[in-house]
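Engineer: Next comes model-v3.pdb, PDB, C-alpha atoms, pLDDT in the B column:
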ATOM      1  CA  GLY A 621      15.404  75.373 128.650  1.00 43.00           C
ATOM      2  CA  SER A 622      14.442  74.318 132.142  1.00 45.00           C
ATOM      3  CA  MET A 623      16.383  71.567 133.858  1.00 47.00           C
ATOM      4  CA  SER A 624      13.389  69.481 134.981  1.00 58.00           C
ATOM      5  CA  GLY A 625      12.042  72.149 137.323  1.00 77.00           C
ATOM      6  CA  CYS A 626      14.992  72.248 139.709  1.00 90.00           C
ATOM      7  CA  THR A 627      14.688  75.355 141.928  1.00 93.00           C
ATOM      8  CA  LEU A 628      17.166  77.177 144.145  1.00 93.00           C
ATOM      9  CA  ILE A 629      15.629  75.354 147.127  1.00 93.00           C
ATOM     10  CA  ASP A 630      16.514  72.063 145.420  1.00 93.00           C
ATOM     11  CA  VAL A 631      20.108  73.270 145.000  1.00 91.00           C
ATOM     12  CA  VAL A 632      20.347  74.167 148.687  1.00 93.00           C
ATOM     13  CA  ASN A 633      18.816  70.832 149.711  1.00 92.00           C
ATOM     14  CA  ALA A 634      21.265  68.953 147.453  1.00 92.00           C
ATOM     15  CA  HIS A 635      24.107  70.618 149.372  1.00 92.00           C
ATOM     16  CA  GLN A 636      22.405  69.774 152.688  1.00 88.00           C
ATOM     17  CA  GLY A 637      22.315  73.431 153.682  1.00 80.00           C
ATOM     18  CA  SER A 638      24.208  76.409 152.375  1.00 81.00           C
ATOM     19  CA  ILE A 639      25.943  76.197 149.015  1.00 92.00           C
ATOM     20  CA  PRO A 640      29.530  77.276 148.236  1.00 93.00           C
ATOM     21  CA  GLU A 641      29.844  81.062 148.361  1.00 94.00           C
ATOM     22  CA  LEU A 642      30.998  81.434 144.738  1.00 93.00           C
ATOM     23  CA  ILE A 643      27.933  79.584 143.484  1.00 92.00           C
ATOM     24  CA  ALA A 644      25.703  81.746 145.711  1.00 95.00           C
ATOM     25  CA  ILE A 645      27.358  84.852 144.240  1.00 95.00           C
ATOM     26  CA  HIS A 646      26.818  83.522 140.711  1.00 93.00           C
ATOM     27  CA  TYR A 647      23.109  82.869 141.241  1.00 94.00           C
ATOM     28  CA  THR A 648      22.612  86.161 143.104  1.00 96.00           C
ATOM     29  CA  THR A 649      24.204  88.012 140.182  1.00 95.00           C
ATOM     30  CA  ARG A 650      21.837  86.252 137.775  1.00 95.00           C
ATOM     31  CA  MET A 651      18.852  87.148 139.987  1.00 96.00           C
ATOM     32  CA  LEU A 652      19.933  90.809 140.004  1.00 96.00           C
ATOM     33  CA  LEU A 653      20.215  90.875 136.219  1.00 95.00           C
ATOM     34  CA  HIS A 654      16.789  89.289 135.763  1.00 95.00           C
ATOM     35  CA  LEU A 655      15.215  91.670 138.265  1.00 95.00           C
ATOM     36  CA  GLU A 656      16.806  94.665 136.546  1.00 94.00           C
ATOM     37  CA  THR A 657      15.315  93.531 133.231  1.00 94.00           C
ATOM     38  CA  LEU A 658      11.892  92.901 134.764  1.00 95.00           C
ATOM     39  CA  HIS A 659      11.767  96.305 136.486  1.00 93.00           C
ATOM     40  CA  TRP A 660      13.557  98.646 134.076  1.00 91.00           C
ATOM     41  CA  HIS A 661      12.477  97.182 130.769  1.00 91.00           C
ATOM     42  CA  GLY A 662       9.218  95.429 131.637  1.00 92.00           C
ATOM     43  CA  LYS A 663       7.976  97.848 134.322  1.00 91.00           C
ATOM     44  CA  ILE A 664       6.675  94.795 136.187  1.00 94.00           C
ATOM     45  CA  LEU A 665       6.769  93.912 139.886  1.00 93.00           C
ATOM     46  CA  HIS A 666       6.831  90.158 140.410  1.00 95.00           C
ATOM     47  CA  CYS A 667       5.602  90.373 144.047  1.00 92.00           C
ATOM     48  CA  ASP A 668       6.457  86.730 144.848  1.00 93.00           C
ATOM     49  CA  ILE A 669      10.220  86.420 144.527  1.00 95.00           C
ATOM     50  CA  LYS A 670      11.484  83.543 146.655  1.00 94.00           C
ATOM     51  CA  PRO A 671      13.899  80.633 146.167  1.00 94.00           C
ATOM     52  CA  ASP A 672      11.063  78.328 145.051  1.00 93.00           C
ATOM     53  CA  ASN A 673      10.306  80.629 142.100  1.00 95.00           C
ATOM     54  CA  TRP A 674      13.826  80.626 140.641  1.00 96.00           C
ATOM     55  CA  VAL A 675      14.178  77.638 138.294  1.00 94.00           C
ATOM     56  CA  LEU A 676      17.563  76.537 136.978  1.00 92.00           C
ATOM     57  CA  THR A 677      18.056  76.642 133.230  1.00 88.00           C
ATOM     58  CA  SER A 678      20.952  75.697 131.025  1.00 78.00           C
ATOM     59  CA  SER A 679      22.944  78.563 129.602  1.00 64.00           C
ATOM     60  CA  LYS A 680      22.744  79.425 125.933  1.00 55.00           C
ATOM     61  CA  THR A 681      25.468  81.064 123.894  1.00 44.00           C
ATOM     62  CA  ALA A 682      24.691  83.675 121.251  1.00 41.00           C
ATOM     63  CA  SER A 683      24.401  80.909 118.652  1.00 40.00           C
ATOM     64  CA  GLY A 684      21.747  79.145 120.739  1.00 44.00           C
ATOM     65  CA  THR A 685      23.829  76.085 121.575  1.00 47.00           C
ATOM     66  CA  GLU A 686      24.469  74.716 125.031  1.00 51.00           C
ATOM     67  CA  SER A 687      27.543  76.284 126.610  1.00 48.00           C
ATOM     68  CA  ASN A 688      30.299  74.349 128.317  1.00 47.00           C
ATOM     69  CA  SER A 689      29.674  75.975 131.691  1.00 42.00           C
ATOM     70  CA  LEU A 690      31.391  74.739 134.815  1.00 44.00           C
ATOM     71  CA  ILE A 691      28.110  75.175 136.672  1.00 45.00           C
ATOM     72  CA  VAL A 692      25.415  72.977 135.201  1.00 48.00           C
ATOM     73  CA  GLY A 693      22.172  74.915 135.013  1.00 51.00           C
ATOM     74  CA  SER A 694      24.077  78.137 135.418  1.00 72.00           C
ATOM     75  CA  ASP A 695      21.235  80.493 134.575  1.00 88.00           C
ATOM     76  CA  LEU A 696      17.905  81.090 136.266  1.00 92.00           C
ATOM     77  CA  MET A 697      14.360  81.730 135.149  1.00 94.00           C
ATOM     78  CA  LEU A 698      11.828  83.516 137.346  1.00 95.00           C
ATOM     79  CA  VAL A 699       8.447  81.744 137.372  1.00 96.00           C
ATOM     80  CA  ASP A 700       4.977  82.218 138.900  1.00 94.00           C
ATOM     81  CA  PHE A 701       3.791  85.674 137.900  1.00 95.00           C
ATOM     82  CA  GLY A 702       0.381  85.187 139.569  1.00 93.00           C
ATOM     83  CA  ARG A 703       0.926  88.131 141.955  1.00 91.00           C
ATOM     84  CA  ALA A 704       2.702  90.371 139.414  1.00 94.00           C
ATOM     85  CA  ILE A 705       1.752  94.031 138.972  1.00 91.00           C
ATOM     86  CA  ASP A 706       2.123  96.059 135.769  1.00 91.00           C
ATOM     87  CA  LEU A 707       3.560  99.311 137.131  1.00 87.00           C
ATOM     88  CA  THR A 708       2.361 101.323 134.154  1.00 85.00           C
ATOM     89  CA  SER A 709      -1.228 100.532 135.153  1.00 85.00           C
ATOM     90  CA  VAL A 710      -0.880 101.977 138.677  1.00 80.00           C
ATOM     91  CA  THR A 711       1.108 105.168 138.031  1.00 75.00           C
ATOM     92  CA  LYS A 712      -0.163 108.567 136.959  1.00 72.00           C
ATOM     93  CA  ASP A 713       0.894 110.220 133.693  1.00 72.00           C
ATOM     94  CA  GLY A 714       4.447 111.521 133.767  1.00 68.00           C
ATOM     95  CA  MET A 715       5.455 109.493 136.836  1.00 69.00           C
ATOM     96  CA  ASP A 716       8.352 107.064 136.699  1.00 72.00           C
ATOM     97  CA  PRO A 717       6.826 103.704 137.686  1.00 66.00           C
ATOM     98  CA  LEU A 718      10.043 102.616 139.402  1.00 68.00           C
ATOM     99  CA  GLU A 719      10.408 105.780 141.485  1.00 70.00           C
ATOM    100  CA  THR A 720       6.914 105.740 142.905  1.00 67.00           C
ATOM    101  CA  GLN A 721       5.672 103.951 145.961  1.00 67.00           C
ATOM    102  CA  LEU A 722       1.925 103.995 145.503  1.00 71.00           C
ATOM    103  CA  LEU A 723       1.043 100.502 146.602  1.00 78.00           C
ATOM    104  CA  THR A 724      -0.236  99.687 150.073  1.00 77.00           C
ATOM    105  CA  GLY A 725      -1.228  96.580 151.978  1.00 73.00           C
ATOM    106  CA  SER A 726       0.281  93.134 151.627  1.00 73.00           C
ATOM    107  CA  VAL A 727       0.255  90.993 148.504  1.00 74.00           C
ATOM    108  CA  ALA A 728       3.237  88.878 149.528  1.00 68.00           C
ATOM    109  CA  ALA A 729       3.249  85.206 150.354  1.00 68.00           C
ATOM    110  CA  GLU A 730       3.475  84.238 154.027  1.00 67.00           C
ATOM    111  CA  ASP A 731       6.631  85.589 155.746  1.00 75.00           C
ATOM    112  CA  MET A 732       7.695  87.420 152.567  1.00 77.00           C
ATOM    113  CA  ASP A 733       6.368  90.897 153.426  1.00 82.00           C
ATOM    114  CA  CYS A 734       8.984  93.580 152.808  1.00 82.00           C
ATOM    115  CA  VAL A 735       9.724  96.030 155.636  1.00 82.00           C
ATOM    116  CA  ALA A 736       7.417  98.742 154.216  1.00 81.00           C
ATOM    117  CA  MET A 737       4.507  96.255 154.181  1.00 84.00           C
ATOM    118  CA  ARG A 738       5.222  95.190 157.756  1.00 83.00           C
ATOM    119  CA  GLU A 739       5.194  98.835 158.843  1.00 87.00           C
ATOM    120  CA  GLY A 740       2.047  99.712 156.875  1.00 87.00           C
ATOM    121  CA  MET A 741       3.918 102.097 154.589  1.00 87.00           C
ATOM    122  CA  PRO A 742       3.547 102.483 150.799  1.00 85.00           C
ATOM    123  CA  TRP A 743       5.851 100.256 148.779  1.00 84.00           C
ATOM    124  CA  GLY A 744       7.064  99.692 145.242  1.00 86.00           C
ATOM    125  CA  THR A 745      10.116  97.722 144.145  1.00 88.00           C
ATOM    126  CA  ASP A 746      10.814  97.018 147.837  1.00 89.00           C
ATOM    127  CA  ILE A 747       8.858  93.772 147.640  1.00 90.00           C
ATOM    128  CA  ASP A 748      11.014  92.296 144.856  1.00 94.00           C
ATOM    129  CA  THR A 749      14.235  93.569 146.401  1.00 93.00           C
ATOM    130  CA  PHE A 750      13.309  91.888 149.670  1.00 92.00           C
ATOM    131  CA  GLY A 751      12.493  88.641 147.861  1.00 94.00           C
ATOM    132  CA  LEU A 752      15.837  88.693 146.067  1.00 96.00           C
ATOM    133  CA  CYS A 753      17.711  89.318 149.335  1.00 95.00           C
ATOM    134  CA  ALA A 754      15.724  86.550 151.027  1.00 94.00           C
ATOM    135  CA  SER A 755      16.631  84.191 148.164  1.00 96.00           C
ATOM    136  CA  ALA A 756      20.331  85.078 148.457  1.00 96.00           C
ATOM    137  CA  HIS A 757      20.118  84.507 152.222  1.00 95.00           C
ATOM    138  CA  VAL A 758      18.798  80.974 151.670  1.00 94.00           C
ATOM    139  CA  LEU A 759      21.688  80.269 149.282  1.00 95.00           C
ATOM    140  CA  LEU A 760      24.302  81.531 151.742  1.00 95.00           C
ATOM    141  CA  TYR A 761      22.906  80.219 155.015  1.00 94.00           C
ATOM    142  CA  GLY A 762      20.596  77.345 154.073  1.00 93.00           C
ATOM    143  CA  PHE A 763      17.502  78.713 155.819  1.00 92.00           C
ATOM    144  CA  HIS A 764      14.881  81.455 155.350  1.00 89.00           C
ATOM    145  CA  ILE A 765      15.575  84.954 156.630  1.00 87.00           C
ATOM    146  CA  GLU A 766      13.658  86.071 159.702  1.00 85.00           C
ATOM    147  CA  ILE A 767      12.973  89.758 160.300  1.00 81.00           C
TER     148      ILE A 767
END
Translate the structure of the given file into structure tokens.
Structural biologist:
Amino acid sequence: GSMSGCTLIDVVNAHQGSIPELIAIHYTTRMLLHLETLHWHGKILHCDIKPDNWVLTSSKTASGTESNSLIVGSDLMLVDFGRAIDLTSVTKDGMDPLETQLLTGSVAAEDMDCVAMREGMPWGTDIDTFGLCASAHVLLYGFHIEI
């Protein structure tokens, strides 16, 4: 379950800036796994991935009991699907939803536009990839990425 709504921003603030690199790698790996599941299995774009939308959760073992992890709250949960897009609803028959870039315009939160959006080009998974990279940047450096 959730650990009282603690986000990745809260983790960075608790460390008064950047967090230890191994912890940043751990959380970035978890973000990648969650994003892979969301895209490949769910065919969903989140469209609002940022450190505030990653909430720490406690790990569960296969039996459903709390694990004895060295990192408390060692897993993450992605929240706030208010901007999410079901890729199967915007692709044509026979098209792979993850290989297409049919979307245009900006749906991102302020300062979270991916490069394709900034350049007025069609986009797809770019938006979530950018959000994940921006989240990892905050973990490593303690401040938001500027492009």
Engineer: If the PyMOL selection byres ((chain A and resi 741-745) around 12) is run on the structure shown, which residues does it catch, given as a PyMOL selection string?
Structural biologist: chain A and resi 655-656+658-660+663-669+704-707+710-711+716-728+733-740+746-752
Engineer: Hey, can you spit out that residue selection with C-alpha atoms as a compact mmCIF listing (two decimals), keeping the file's coordinate frame?
Structural biologist:
# COMPACT_ATOMS: atom_id res chain seq x y z
CA LEU A 655 15.22 91.67 138.26
CA GLU A 656 16.81 94.66 136.55
CA LEU A 658 11.89 92.90 134.76
CA HIS A 659 11.77 96.30 136.49
CA TRP A 660 13.56 98.65 134.08
CA LYS A 663 7.98 97.85 134.32
CA ILE A 664 6.68 94.80 136.19
CA LEU A 665 6.77 93.91 139.89
CA HIS A 666 6.83 90.16 140.41
CA CYS A 667 5.60 90.37 144.05
CA ASP A 668 6.46 86.73 144.85
CA ILE A 669 10.22 86.42 144.53
CA ALA A 704 2.70 90.37 139.41
CA ILE A 705 1.75 94.03 138.97
CA ASP A 706 2.12 96.06 135.77
CA LEU A 707 3.56 99.31 137.13
CA VAL A 710 -0.88 101.98 138.68
CA THR A 711 1.11 105.17 138.03
CA ASP A 716 8.35 107.06 136.70
CA PRO A 717 6.83 103.70 137.69
CA LEU A 718 10.04 102.62 139.40
CA GLU A 719 10.41 105.78 141.49
CA THR A 720 6.91 105.74 142.90
CA GLN A 721 5.67 103.95 145.96
CA LEU A 722 1.92 104.00 145.50
CA LEU A 723 1.04 100.50 146.60
CA THR A 724 -0.24 99.69 150.07
CA GLY A 725 -1.23 96.58 151.98
CA SER A 726 0.28 93.13 151.63
CA VAL A 727 0.26 90.99 148.50
CA ALA A 728 3.24 88.88 149.53
CA ASP A 733 6.37 90.90 153.43
CA CYS A 734 8.98 93.58 152.81
CA VAL A 735 9.72 96.03 155.64
CA ALA A 736 7.42 98.74 154.22
CA MET A 737 4.51 96.26 154.18
CA ARG A 738 5.22 95.19 157.76
CA GLU A 739 5.19 98.84 158.84
CA GLY A 740 2.05 99.71 156.88
CA ASP A 746 10.81 97.02 147.84
CA ILE A 747 8.86 93.77 147.64
CA ASP A 748 11.01 92.30 144.86
CA THR A 749 14.24 93.57 146.40
CA PHE A 750 13.31 91.89 149.67
CA GLY A 751 12.49 88.64 147.86
CA LEU A 752 15.84 88.69 146.07
Engineer: For atom CA of Val632 of chain A and atom CA of Ser678 of chain A, quote the distance in Å rounded to one decimal.
Structural biologist: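 It comes out at 17.7 Å.
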Engineer: What is the distance, in Å and to one decimal place, between atom CA of Ile629 of chain A and atom CA of Leu759 of chain A?
Structural biologist: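 Computing the Euclidean distance for atom CA of Ile629 of chain A and atom CA of Leu759 of chain A yields 8.1 Å.
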Engineer: Calculate how many Å separate atom CA of Leu760 of chain A from atom CA of Asp700 of chain A, rounding to one decimal.
Structural biologist: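 The value is 23.2 Å.
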Engineer: For this structure, which residues satisfy the selection - the PyMOL selection byres ((chain A and resi 765) around 6) - when it is evaluated on the file as given? I want them as a list in words.
Structural biologist: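 What the PyMOL selection byres ((chain A and resi 765) around 6) grabs from the file is Ala754, His764 and Glu766 of chain A.
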Engineer: Specify the axis-aligned box that encloses all atoms of segment 697-713 of chain A listed in the file after padding of 3 Å on each side, stating its centre and edge lengths in Å to one decimal as JSON.
Structural biologist:
{"center_x": 6.6, "center_y": 96.0, "center_z": 137.8, "size_x": 21.6, "size_y": 34.5, "size_z": 14.3}
Engineer: Between A:Asp713, A:Cys753, A:Leu696, A:His661, which residue has the minimum interatomic distance to Asn673 of chain A, considering all atoms listed in the file?
Structural biologist: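 Selected residue with least distance to Asn673 of chain A: A:Leu696.
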Engineer: Which residue is closest to Ile645 of chain A? Choose from A:Ser755, A:Lys670, A:Gly702, A:Asn633 and count all atoms listed in the file.
Structural biologist: A:Ser755
Engineer: Once the PyMOL selection byres ((chain A and resi 643) around 12) is applied to the coordinates I shared, what remains selected? I want it as a list of chain:residue names.
Structural biologist: A:Leu628, A:Val631, A:Val632, A:His635, A:Ser638, A:Ile639, A:Pro640, A:Glu641, A:Leu642, A:Ala644, A:Ile645, A:His646, A:Tyr647, A:Thr648, A:Thr649, A:Arg650, A:Leu690, A:Ile691, A:Val692, A:Gly693, A:Ser694, A:Asp695, A:Ala756, A:Leu759, A:Leu760
